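Right, one structure below, let's go through it.
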Amino acid sequence: MNISRRTFGMLTAGAAAAGLLSAPGLSRAAAKVKLRYGTAFPASHPGVIRITEAAKAIATRSEGAIELHVYPNSQLGGEADMFTQVRGGALDLMSTSGVNQTVVPVASINAVAFAFPTYDHVWKAMDGELGDHVRKAFLDAGLFVFPKMLDNGYRNITTGAKPIAAPQDLNGMKIRVPGNQLWVTLFQTLGAAPTPLNFGELYAALQTHVVDGQENPLALIQSSKLYEVQKYIALTGHIWDGHHIFCNNRRWQAIPSEMRTIIQEELTTAAVNERADVKELNEKAMVDIKATGVEFNKVETAPFRDALAKAGFYSKWKESFGAEAWGLLEKDVGTL
């Protein structure tokens with residue numbers, strides 16, 4: 001039940017005795033809001049730790065009127081499955097990066113290879129006009145997207161048999177990618193054999209050599225222990241990857257506005273804190289992973305970008321994303 005300020009003032013004196021008020025702006029008479037949040041991130045990843053903290057803060061601020069239950073490590077299904085569940089209303093919230101491309105194609109624009117030189121470029125774009133453009137596209141598809149993305153970090157290539165130092169090293173390599181056409185065409189253009197797999201299947205696929213390598217940010221490589229089944233990490237930083245947090249919009253609009261304010265504020269705080277965590281974790285992860293015997297090499301990115309440009313990768317995706325979105329991207333990162 002929504003209570004206006006005027007009505008709130010009139011009811012305050014008698015409400016406590018009647019057991020109506022549980023927190024400022026929230027009514028005990030209203031049914032509890034119980035929400036489920038799914039993610040592929042493992043429980044040790046900052047993208048789970050900070051959302052779990054937010055869930056506790058939401059419960060405290062609402063005096064128990066809002067319960068947010070977090071399900072990490074693909075407990076509720078792969079990312080594509082969870083995305084379908086959120087669209088249909090069976091799941092309330094989730095975070096994901098690129099599996100939504102067929103429904104919200106422009107949502108993958110942050111994954112244009114080598115587009116963001118630094119985090120300053122990332123947040124200027126994704127917290128700004130480009131991010132607003134993407135969030136509007138989600139809303140048009142029936143999904144409310146929270147204003148701040150989670151950072152999944154710059155993605156790097158890991159391999160088991162040989163290091164990657166130049167584009168030709170990818171020739172014929174079976175590399176796991178998310179189920180996203182942008183990822184697939186990126187590695188096809190560079191001569192690899194991209195293999196879409198759910199993240200939950202990745203460790204076993206590397207261990208059994210179903211795929212030769214994969215690409216993910218260092219924080220996720222560490223928290224998922226992928227370094228246990230890989231020997232080399234090439235610091236390509238080829239894609240900056242972020243996770244949108246979103247909710248079925250019908251479900252979101254059905255939540256009382258005072259509750260929505262609490263949820264949005266706490267998930268925004270969680271996302272900002274998670275970004276700082278990932279930056280620190282990536283720096284530490286390199287040291288820790290090196291200590292296990294995994295070999296790192298820094299990659300010169302210009303040959304990769306040149307190969308993509310000559311093969312028409314950027315022109316193809318400019319046409320696919322549209323002039324408006326591409327223009328907003330280049331406004332913040334420069335000409336691609």
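Numbering starts fresh at 1 for the residues of each chain in the structure tokens, the chains themselves are lettered A, B, ... in the order given, and ligands are numbered from 1 as they appear.
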
- Message: Quick check for you: according to DSSP on this backbone, which residues of segment 119-190 of chain A are classed as strand (DSSP E or B)? Reply as a PyMOL selection string.
- Response: chain A and resi 143-145+150-159+174-177

Write a file of the selected residues as a PDB file, in the first residue's frame, keeping N, CA and C atoms.
ATOM      1  N   LEU A 143      11.763  -5.081 -19.521  1.00  0.00           N
ATOM      2  CA  LEU A 143      12.711  -5.324 -18.437  1.00  0.00           C
ATOM      3  C   LEU A 143      13.205  -3.999 -17.863  1.00  0.00           C
ATOM      4  N   PHE A 144      13.052  -3.841 -16.553  1.00  0.00           N
ATOM      5  CA  PHE A 144      13.573  -2.655 -15.887  1.00  0.00           C
ATOM      6  C   PHE A 144      15.032  -2.900 -15.518  1.00  0.00           C
ATOM      7  N   VAL A 145      15.929  -2.013 -15.971  1.00  0.00           N
ATOM      8  CA  VAL A 145      17.352  -2.163 -15.699  1.00  0.00           C
ATOM      9  C   VAL A 145      17.775  -1.115 -14.671  1.00  0.00           C
ATOM     10  N   LEU A 150      27.158  -3.808 -12.873  1.00  0.00           N
ATOM     11  CA  LEU A 150      28.250  -4.468 -12.176  1.00  0.00           C
ATOM     12  C   LEU A 150      29.444  -4.582 -13.121  1.00  0.00           C
ATOM     13  N   ASP A 151      30.635  -4.514 -12.578  1.00  0.00           N
ATOM     14  CA  ASP A 151      31.846  -4.688 -13.377  1.00  0.00           C
ATOM     15  C   ASP A 151      32.237  -6.155 -13.387  1.00  0.00           C
ATOM     16  N   ASN A 152      32.356  -6.711 -14.578  1.00  0.00           N
ATOM     17  CA  ASN A 152      32.881  -8.065 -14.689  1.00  0.00           C
ATOM     18  C   ASN A 152      34.333  -8.042 -15.156  1.00  0.00           C
ATOM     19  N   GLY A 153      34.843  -6.847 -15.476  1.00  0.00           N
ATOM     20  CA  GLY A 153      36.248  -6.696 -15.798  1.00  0.00           C
ATOM     21  C   GLY A 153      36.575  -6.833 -17.273  1.00  0.00           C
ATOM     22  N   TYR A 154      37.815  -6.534 -17.604  1.00  0.00           N
ATOM     23  CA  TYR A 154      38.326  -6.755 -18.959  1.00  0.00           C
ATOM     24  C   TYR A 154      38.625  -8.238 -19.139  1.00  0.00           C
ATOM     25  N   ARG A 155      38.215  -8.771 -20.262  1.00  0.00           N
ATOM     26  CA  ARG A 155      38.343 -10.200 -20.508  1.00  0.00           C
ATOM     27  C   ARG A 155      39.710 -10.527 -21.099  1.00  0.00           C
ATOM     28  N   ASN A 156      40.271 -11.646 -20.666  1.00  0.00           N
ATOM     29  CA  ASN A 156      41.582 -12.110 -21.127  1.00  0.00           C
ATOM     30  C   ASN A 156      41.474 -13.580 -21.531  1.00  0.00           C
ATOM     31  N   ILE A 157      42.362 -14.020 -22.402  1.00  0.00           N
ATOM     32  CA  ILE A 157      42.299 -15.368 -22.957  1.00  0.00           C
ATOM     33  C   ILE A 157      43.181 -16.323 -22.160  1.00  0.00           C
ATOM     34  N   THR A 158      42.610 -17.453 -21.742  1.00  0.00           N
ATOM     35  CA  THR A 158      43.396 -18.509 -21.103  1.00  0.00           C
ATOM     36  C   THR A 158      43.441 -19.727 -22.025  1.00  0.00           C
ATOM     37  N   THR A 159      44.556 -20.441 -21.964  1.00  0.00           N
ATOM     38  CA  THR A 159      44.739 -21.622 -22.806  1.00  0.00           C
ATOM     39  C   THR A 159      45.465 -22.711 -22.022  1.00  0.00           C
ATOM     40  N   LYS A 174      39.723 -24.092 -30.367  1.00  0.00           N
ATOM     41  CA  LYS A 174      38.377 -24.193 -29.815  1.00  0.00           C
ATOM     42  C   LYS A 174      38.338 -23.377 -28.517  1.00  0.00           C
ATOM     43  N   ILE A 175      37.664 -22.253 -28.565  1.00  0.00           N
ATOM     44  CA  ILE A 175      37.621 -21.361 -27.414  1.00  0.00           C
ATOM     45  C   ILE A 175      36.179 -21.167 -26.958  1.00  0.00           C
ATOM     46  N   ARG A 176      35.944 -21.374 -25.691  1.00  0.00           N
ATOM     47  CA  ARG A 176      34.596 -21.188 -25.166  1.00  0.00           C
ATOM     48  C   ARG A 176      34.253 -19.701 -25.141  1.00  0.00           C
ATOM     49  N   VAL A 177      33.049 -19.385 -25.600  1.00  0.00           N
ATOM     50  CA  VAL A 177      32.539 -18.025 -25.531  1.00  0.00           C
ATOM     51  C   VAL A 177      31.107 -18.075 -25.006  1.00  0.00           C
TER      52      VAL A 177
END

Can I get the residues of segment 24-116 of chain A within 8 Å of segment 195-200 of chain A, each with the closest pair of atoms and their distance in Å to one decimal, using only C-alpha atoms, sorted chain first then ascending number, as CSV?
residue,atom,partner,partner_atom,distance
A:Ala40,CA,A:Phe199,CA,7.0
A:Asn73,CA,A:Gly200,CA,7.1
A:Ser74,CA,A:Gly200,CA,6.5
A:Gly78,CA,A:Asn198,CA,5.9
A:Glu79,CA,A:Asn198,CA,7.2

Could the residues in this selection be written to a file with C-alpha atoms, as an mmCIF file, in the first residue's frame?
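Written file, selection.cif:
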data_model
loop_
_atom_site.group_PDB
_atom_site.id
_atom_site.type_symbol
_atom_site.label_atom_id
_atom_site.label_comp_id
_atom_site.auth_asym_id
_atom_site.auth_seq_id
_atom_site.Cartn_x
_atom_site.Cartn_y
_atom_site.Cartn_z
ATOM 1 C CA ALA A 40 26.094 -17.175 -12.820
ATOM 2 C CA ASN A 73 26.635 -20.147 -9.400
ATOM 3 C CA SER A 74 23.777 -20.753 -11.882
ATOM 4 C CA GLY A 78 22.218 -21.054 -17.068
ATOM 5 C CA GLU A 79 22.173 -17.374 -17.954
#

- Item | Among listed residues A:Leu130, A:Ala125, A:Ala90, A:Ala65, nearest Arg251 of chain A (using only C-alpha atoms) |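 Comparing A:Leu130, A:Ala125, A:Ala90, A:Ala65 against Arg251 of chain A, the winner is A:Ala90.
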
- Message: Can you pull out the residues contacting Ala285 of chain A? Cut-off 7 Å, using only C-alpha atoms, and skip same-chain residues under 2 positions away; I want them as a list in words.
- Response: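 In the requested form, the answer reads Leu218, Ala219, Gln222, Leu281, Asn282, Glu283, Val287, Asp288 and Ile289 of chain A.
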
Can those selected residues be exported to a file as a PDB file, in the first residue's frame so that it contains N, CA, C and O atoms?
ATOM      1  N   LEU A 218      40.064 -11.629 -14.955  1.00  0.00           N
ATOM      2  CA  LEU A 218      40.907 -12.314 -13.976  1.00  0.00           C
ATOM      3  C   LEU A 218      40.153 -12.656 -12.699  1.00  0.00           C
ATOM      4  O   LEU A 218      40.351 -13.728 -12.122  1.00  0.00           O
ATOM      5  N   ALA A 219      39.301 -11.743 -12.235  1.00  0.00           N
ATOM      6  CA  ALA A 219      38.574 -12.007 -10.988  1.00  0.00           C
ATOM      7  C   ALA A 219      37.716 -13.258 -11.108  1.00  0.00           C
ATOM      8  O   ALA A 219      37.604 -14.054 -10.162  1.00  0.00           O
ATOM      9  N   GLN A 222      39.854 -16.447 -11.297  1.00  0.00           N
ATOM     10  CA  GLN A 222      40.302 -16.867  -9.978  1.00  0.00           C
ATOM     11  C   GLN A 222      39.171 -17.452  -9.144  1.00  0.00           C
ATOM     12  O   GLN A 222      39.290 -18.548  -8.588  1.00  0.00           O
ATOM     13  N   LEU A 281      40.506  -6.792  -6.825  1.00  0.00           N
ATOM     14  CA  LEU A 281      40.616  -8.239  -6.939  1.00  0.00           C
ATOM     15  C   LEU A 281      41.415  -8.642  -8.172  1.00  0.00           C
ATOM     16  O   LEU A 281      42.211  -9.588  -8.131  1.00  0.00           O
ATOM     17  N   ASN A 282      41.229  -7.924  -9.281  1.00  0.00           N
ATOM     18  CA  ASN A 282      41.986  -8.242 -10.490  1.00  0.00           C
ATOM     19  C   ASN A 282      43.479  -8.052 -10.280  1.00  0.00           C
ATOM     20  O   ASN A 282      44.297  -8.846 -10.759  1.00  0.00           O
ATOM     21  N   GLU A 283      43.843  -6.990  -9.563  1.00  0.00           N
ATOM     22  CA  GLU A 283      45.259  -6.731  -9.284  1.00  0.00           C
ATOM     23  C   GLU A 283      45.843  -7.842  -8.414  1.00  0.00           C
ATOM     24  O   GLU A 283      46.945  -8.329  -8.654  1.00  0.00           O
ATOM     25  N   VAL A 287      48.653 -11.736  -9.087  1.00  0.00           N
ATOM     26  CA  VAL A 287      49.726 -12.201  -8.192  1.00  0.00           C
ATOM     27  C   VAL A 287      49.438 -13.623  -7.714  1.00  0.00           C
ATOM     28  O   VAL A 287      50.298 -14.509  -7.765  1.00  0.00           O
ATOM     29  N   ASP A 288      48.206 -13.849  -7.279  1.00  0.00           N
ATOM     30  CA  ASP A 288      47.845 -15.154  -6.724  1.00  0.00           C
ATOM     31  C   ASP A 288      47.861 -16.256  -7.777  1.00  0.00           C
ATOM     32  O   ASP A 288      48.312 -17.381  -7.522  1.00  0.00           O
ATOM     33  N   ILE A 289      47.367 -15.956  -8.974  1.00  0.00           N
ATOM     34  CA  ILE A 289      47.336 -16.965 -10.029  1.00  0.00           C
ATOM     35  C   ILE A 289      48.751 -17.297 -10.499  1.00  0.00           C
ATOM     36  O   ILE A 289      49.076 -18.461 -10.755  1.00  0.00           O
TER      37      ILE A 289
END

- Message: Env of Tyr232 of chain A: 8 Å cut, atoms = only C-alpha atoms, seq-sep filter 6 positions within chain, self excluded. Answer as a list in words.
- Response: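 Counting only the stated atoms, we get Thr158, Thr159, Gly160, Ala161, Lys162, Pro163, Val294, Glu295, Phe296 and Asn297 of chain A.
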
What would the file look like if the residues just selected were written as an mmCIF file, in the first residue's frame with N, CA and C atoms?
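Generated output (part-v9.cif):
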data_model
loop_
_atom_site.group_PDB
_atom_site.id
_atom_site.type_symbol
_atom_site.label_atom_id
_atom_site.label_comp_id
_atom_site.auth_asym_id
_atom_site.auth_seq_id
_atom_site.Cartn_x
_atom_site.Cartn_y
_atom_site.Cartn_z
ATOM 1 N N THR A 158 42.610 -17.453 -21.742
ATOM 2 C CA THR A 158 43.396 -18.509 -21.103
ATOM 3 C C THR A 158 43.441 -19.727 -22.025
ATOM 4 N N THR A 159 44.556 -20.441 -21.964
ATOM 5 C CA THR A 159 44.739 -21.622 -22.806
ATOM 6 C C THR A 159 45.465 -22.711 -22.022
ATOM 7 N N GLY A 160 45.349 -23.935 -22.542
ATOM 8 C CA GLY A 160 46.000 -25.042 -21.874
ATOM 9 C C GLY A 160 47.266 -25.512 -22.542
ATOM 10 N N ALA A 161 47.367 -25.340 -23.872
ATOM 11 C CA ALA A 161 48.482 -25.934 -24.609
ATOM 12 C C ALA A 161 49.557 -24.936 -25.004
ATOM 13 N N LYS A 162 49.173 -23.698 -25.311
ATOM 14 C CA LYS A 162 50.158 -22.708 -25.769
ATOM 15 C C LYS A 162 49.660 -21.314 -25.439
ATOM 16 N N PRO A 163 50.555 -20.356 -25.275
ATOM 17 C CA PRO A 163 50.139 -18.973 -25.013
ATOM 18 C C PRO A 163 49.648 -18.296 -26.299
ATOM 19 N N VAL A 294 50.775 -20.610 -13.268
ATOM 20 C CA VAL A 294 50.228 -20.174 -14.551
ATOM 21 C C VAL A 294 51.108 -19.051 -15.114
ATOM 22 N N GLU A 295 51.366 -19.102 -16.418
ATOM 23 C CA GLU A 295 52.224 -18.106 -17.071
ATOM 24 C C GLU A 295 51.379 -17.004 -17.717
ATOM 25 N N PHE A 296 51.776 -15.763 -17.477
ATOM 26 C CA PHE A 296 51.100 -14.603 -18.055
ATOM 27 C C PHE A 296 51.946 -14.011 -19.177
ATOM 28 N N ASN A 297 51.292 -13.448 -20.179
ATOM 29 C CA ASN A 297 52.010 -12.633 -21.160
ATOM 30 C C ASN A 297 51.140 -11.441 -21.552
#

- Query: Smallest atom-to-atom distance to Arg36 of chain A: which of A:Ala166, A:Leu139, A:Pro217, A:Cys247, using only C-alpha atoms?
  - Reply: A:Cys247

- Can you list, as a PyMOL selection string, every residue of segment 91-329 of chain A that DSSP puts in helix (DSSP H, G or I)? chain A and resi 105-111+119-126+129-140+167-170+181-189+199-207+218-223+226-229+249-254+257-290+302-310+313-321+323-329

- Hey, what's within 9 Å of segment 41-52 of chain A if we count only C-alpha atoms and toss same-chain stuff fewer than 4 positions away? As a PyMOL selection string, please? chain A and resi 37+56-57+68-74+95+150-152+199+219-220+223-224+243+266-267+269-271+273-275+277-278+281

For those residues, write N, CA and C atoms to a file as a short mmCIF file (atom, residue, chain, number, x, y, z; two decimals), in the first residue's frame.
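File written: selection09.cif
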data_model
loop_
_atom_site.label_atom_id
_atom_site.label_comp_id
_atom_site.auth_asym_id
_atom_site.auth_seq_id
_atom_site.Cartn_x
_atom_site.Cartn_y
_atom_site.Cartn_z
N TYR A 37 16.91 -13.48 -6.86
CA TYR A 37 17.93 -12.89 -7.74
C TYR A 37 18.88 -13.99 -8.16
N LYS A 56 20.75 -7.78 2.67
CA LYS A 56 20.66 -7.59 4.12
C LYS A 56 20.26 -6.15 4.45
N ALA A 57 20.85 -5.19 3.71
CA ALA A 57 20.52 -3.78 3.94
C ALA A 57 19.06 -3.50 3.59
N LEU A 68 15.12 -10.30 -0.22
CA LEU A 68 15.81 -10.55 -1.49
C LEU A 68 16.73 -11.75 -1.30
N HIS A 69 16.43 -12.83 -1.98
CA HIS A 69 17.21 -14.06 -1.86
C HIS A 69 18.12 -14.19 -3.08
N VAL A 70 19.40 -14.38 -2.85
CA VAL A 70 20.40 -14.40 -3.91
C VAL A 70 20.83 -15.84 -4.19
N TYR A 71 20.82 -16.23 -5.46
CA TYR A 71 21.17 -17.58 -5.89
C TYR A 71 22.35 -17.50 -6.85
N PRO A 72 23.57 -17.74 -6.36
CA PRO A 72 24.76 -17.66 -7.22
C PRO A 72 25.02 -18.96 -7.98
N ASN A 73 26.09 -18.93 -8.79
CA ASN A 73 26.63 -20.15 -9.40
C ASN A 73 25.62 -20.90 -10.25
N SER A 74 24.76 -20.16 -10.95
CA SER A 74 23.78 -20.75 -11.88
C SER A 74 22.87 -21.77 -11.21
N SER A 95 21.42 -10.81 -13.01
CA SER A 95 22.44 -10.01 -13.69
C SER A 95 23.06 -10.89 -14.77
N LEU A 150 27.16 -3.81 -12.87
CA LEU A 150 28.25 -4.47 -12.18
C LEU A 150 29.44 -4.58 -13.12
N ASP A 151 30.64 -4.51 -12.58
CA ASP A 151 31.85 -4.69 -13.38
C ASP A 151 32.24 -6.15 -13.39
N ASN A 152 32.36 -6.71 -14.58
CA ASN A 152 32.88 -8.06 -14.69
C ASN A 152 34.33 -8.04 -15.16
N PHE A 199 28.34 -20.96 -18.62
CA PHE A 199 29.48 -20.80 -17.74
C PHE A 199 29.60 -21.95 -16.75
N ALA A 219 39.30 -11.74 -12.23
CA ALA A 219 38.57 -12.01 -10.99
C ALA A 219 37.72 -13.26 -11.11
N LEU A 220 37.10 -13.44 -12.27
CA LEU A 220 36.25 -14.61 -12.47
C LEU A 220 37.08 -15.86 -12.71
N SER A 223 38.05 -16.72 -9.05
CA SER A 223 36.97 -17.17 -8.17
C SER A 223 36.36 -18.48 -8.64
N SER A 224 36.44 -18.76 -9.95
CA SER A 224 35.92 -20.02 -10.49
C SER A 224 36.99 -21.09 -10.59
N HIS A 243 27.85 -6.48 -16.19
CA HIS A 243 26.56 -7.14 -15.99
C HIS A 243 25.48 -6.12 -15.70
N GLU A 266 19.92 0.49 -2.73
CA GLU A 266 20.87 -0.49 -2.20
C GLU A 266 21.58 -1.26 -3.32
N LEU A 267 20.88 -1.55 -4.41
CA LEU A 267 21.54 -2.24 -5.51
C LEU A 267 22.50 -1.29 -6.24
N THR A 269 24.24 1.12 -4.66
CA THR A 269 25.40 1.12 -3.76
C THR A 269 26.22 -0.16 -3.94
N ALA A 270 25.54 -1.28 -4.06
CA ALA A 270 26.23 -2.56 -4.24
C ALA A 270 27.06 -2.55 -5.51
N ALA A 271 26.49 -2.02 -6.60
CA ALA A 271 27.21 -2.01 -7.87
C ALA A 271 28.46 -1.13 -7.81
N ASN A 273 30.21 -0.33 -5.14
CA ASN A 273 31.20 -0.99 -4.29
C ASN A 273 31.82 -2.19 -5.00
N GLU A 274 31.00 -2.90 -5.76
CA GLU A 274 31.51 -4.07 -6.49
C GLU A 274 32.56 -3.67 -7.52
N ARG A 275 32.39 -2.53 -8.14
CA ARG A 275 33.36 -2.06 -9.13
C ARG A 275 34.74 -1.88 -8.49
N ASP A 277 35.75 -3.34 -5.78
CA ASP A 277 36.21 -4.67 -5.39
C ASP A 277 36.88 -5.39 -6.56
N VAL A 278 36.25 -5.33 -7.74
CA VAL A 278 36.77 -6.05 -8.90
C VAL A 278 38.12 -5.49 -9.32
N LEU A 281 40.51 -6.79 -6.83
CA LEU A 281 40.62 -8.24 -6.94
C LEU A 281 41.42 -8.64 -8.17
#

- Query: Contacts of Arg305 of chain A at 7 Å or less, counting only C-alpha atoms, minus same-chain residues fewer than 4 places along, as a ChimeraX atom specification?
  - Reply: /A:114,301,309

- Closest to Asp132 of chain A among A:Lys148, A:Asn171, A:Lys290, A:Leu93, using only C-alpha atoms?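 The answer is A:Lys148, which sits nearest to Asp132 of chain A.
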
- Message: Excluding Met149 of chain A and its own-chain neighbours fewer than 3 positions away, which residues fall within 8 Å of it when counting only C-alpha atoms? Please give them as a PyMOL selection string.
- Response: chain A and resi 126-127+146+242-245+271

Go ahead and save the residues from that selection, with all heavy atoms, as a CSV table (one decimal), in the first residue's frame.
chain,number,residue,atom,x,y,z
A,126,MET,N,28.9,4.0,-20.0
A,126,MET,CA,27.9,3.1,-19.5
A,126,MET,C,27.0,3.7,-18.4
A,126,MET,O,25.9,3.3,-18.2
A,126,MET,CB,28.5,1.7,-19.1
A,126,MET,CG,29.2,1.0,-20.2
A,126,MET,SD,28.4,1.0,-21.8
A,126,MET,CE,26.9,0.1,-21.5
A,127,ASP,N,27.6,4.7,-17.7
A,127,ASP,CA,26.8,5.4,-16.7
A,127,ASP,C,26.1,6.7,-17.3
A,127,ASP,O,25.4,7.4,-16.7
A,127,ASP,CB,27.7,5.9,-15.5
A,127,ASP,CG,28.1,4.8,-14.6
A,127,ASP,OD1,27.4,3.7,-14.7
A,127,ASP,OD2,29.0,5.0,-13.8
A,146,PHE,N,18.5,-1.5,-13.7
A,146,PHE,CA,19.0,-0.6,-12.6
A,146,PHE,C,20.1,0.3,-13.2
A,146,PHE,O,20.8,-0.1,-14.1
A,146,PHE,CB,19.5,-1.4,-11.4
A,146,PHE,CG,18.3,-2.1,-10.7
A,146,PHE,CD1,17.8,-3.3,-11.1
A,146,PHE,CD2,17.8,-1.5,-9.6
A,146,PHE,CE1,16.7,-3.9,-10.4
A,146,PHE,CE2,16.7,-2.1,-8.9
A,146,PHE,CZ,16.2,-3.3,-9.3
A,242,GLY,N,30.5,-6.1,-18.6
A,242,GLY,CA,29.7,-5.6,-17.4
A,242,GLY,C,28.4,-6.4,-17.4
A,242,GLY,O,27.9,-6.9,-18.4
A,243,HIS,N,27.9,-6.5,-16.2
A,243,HIS,CA,26.6,-7.1,-16.0
A,243,HIS,C,25.5,-6.1,-15.7
A,243,HIS,O,25.6,-5.3,-14.8
A,243,HIS,CB,26.6,-8.1,-14.8
A,243,HIS,CG,27.1,-9.5,-15.2
A,243,HIS,ND1,26.7,-10.6,-14.6
A,243,HIS,CD2,28.1,-9.9,-16.1
A,243,HIS,CE1,27.3,-11.7,-15.2
A,243,HIS,NE2,28.1,-11.2,-16.1
A,244,HIS,N,24.4,-6.1,-16.5
A,244,HIS,CA,23.2,-5.4,-16.2
A,244,HIS,C,22.5,-6.1,-15.1
A,244,HIS,O,22.4,-7.3,-15.1
A,244,HIS,CB,22.3,-5.2,-17.4
A,244,HIS,CG,22.9,-4.5,-18.5
A,244,HIS,ND1,23.0,-3.1,-18.5
A,244,HIS,CD2,23.5,-4.9,-19.7
A,244,HIS,CE1,23.6,-2.7,-19.6
A,244,HIS,NE2,23.9,-3.7,-20.4
A,245,ILE,N,21.9,-5.4,-14.2
A,245,ILE,CA,21.0,-5.9,-13.2
A,245,ILE,C,19.6,-5.5,-13.6
A,245,ILE,O,19.3,-4.3,-13.8
A,245,ILE,CB,21.2,-5.4,-11.8
A,245,ILE,CG1,22.7,-5.7,-11.3
A,245,ILE,CG2,20.3,-6.0,-10.8
A,245,ILE,CD1,23.1,-5.0,-10.0
A,271,ALA,N,26.5,-2.0,-6.6
A,271,ALA,CA,27.2,-2.0,-7.9
A,271,ALA,C,28.5,-1.1,-7.8
A,271,ALA,O,29.5,-1.5,-8.3
A,271,ALA,CB,26.3,-1.5,-9.0

- Message: Please report the interatomic distance between atom CA of Thr268 of chain A and atom CA of Lys34 of chain A in Å with one decimal.
- Response: 19.1 Å
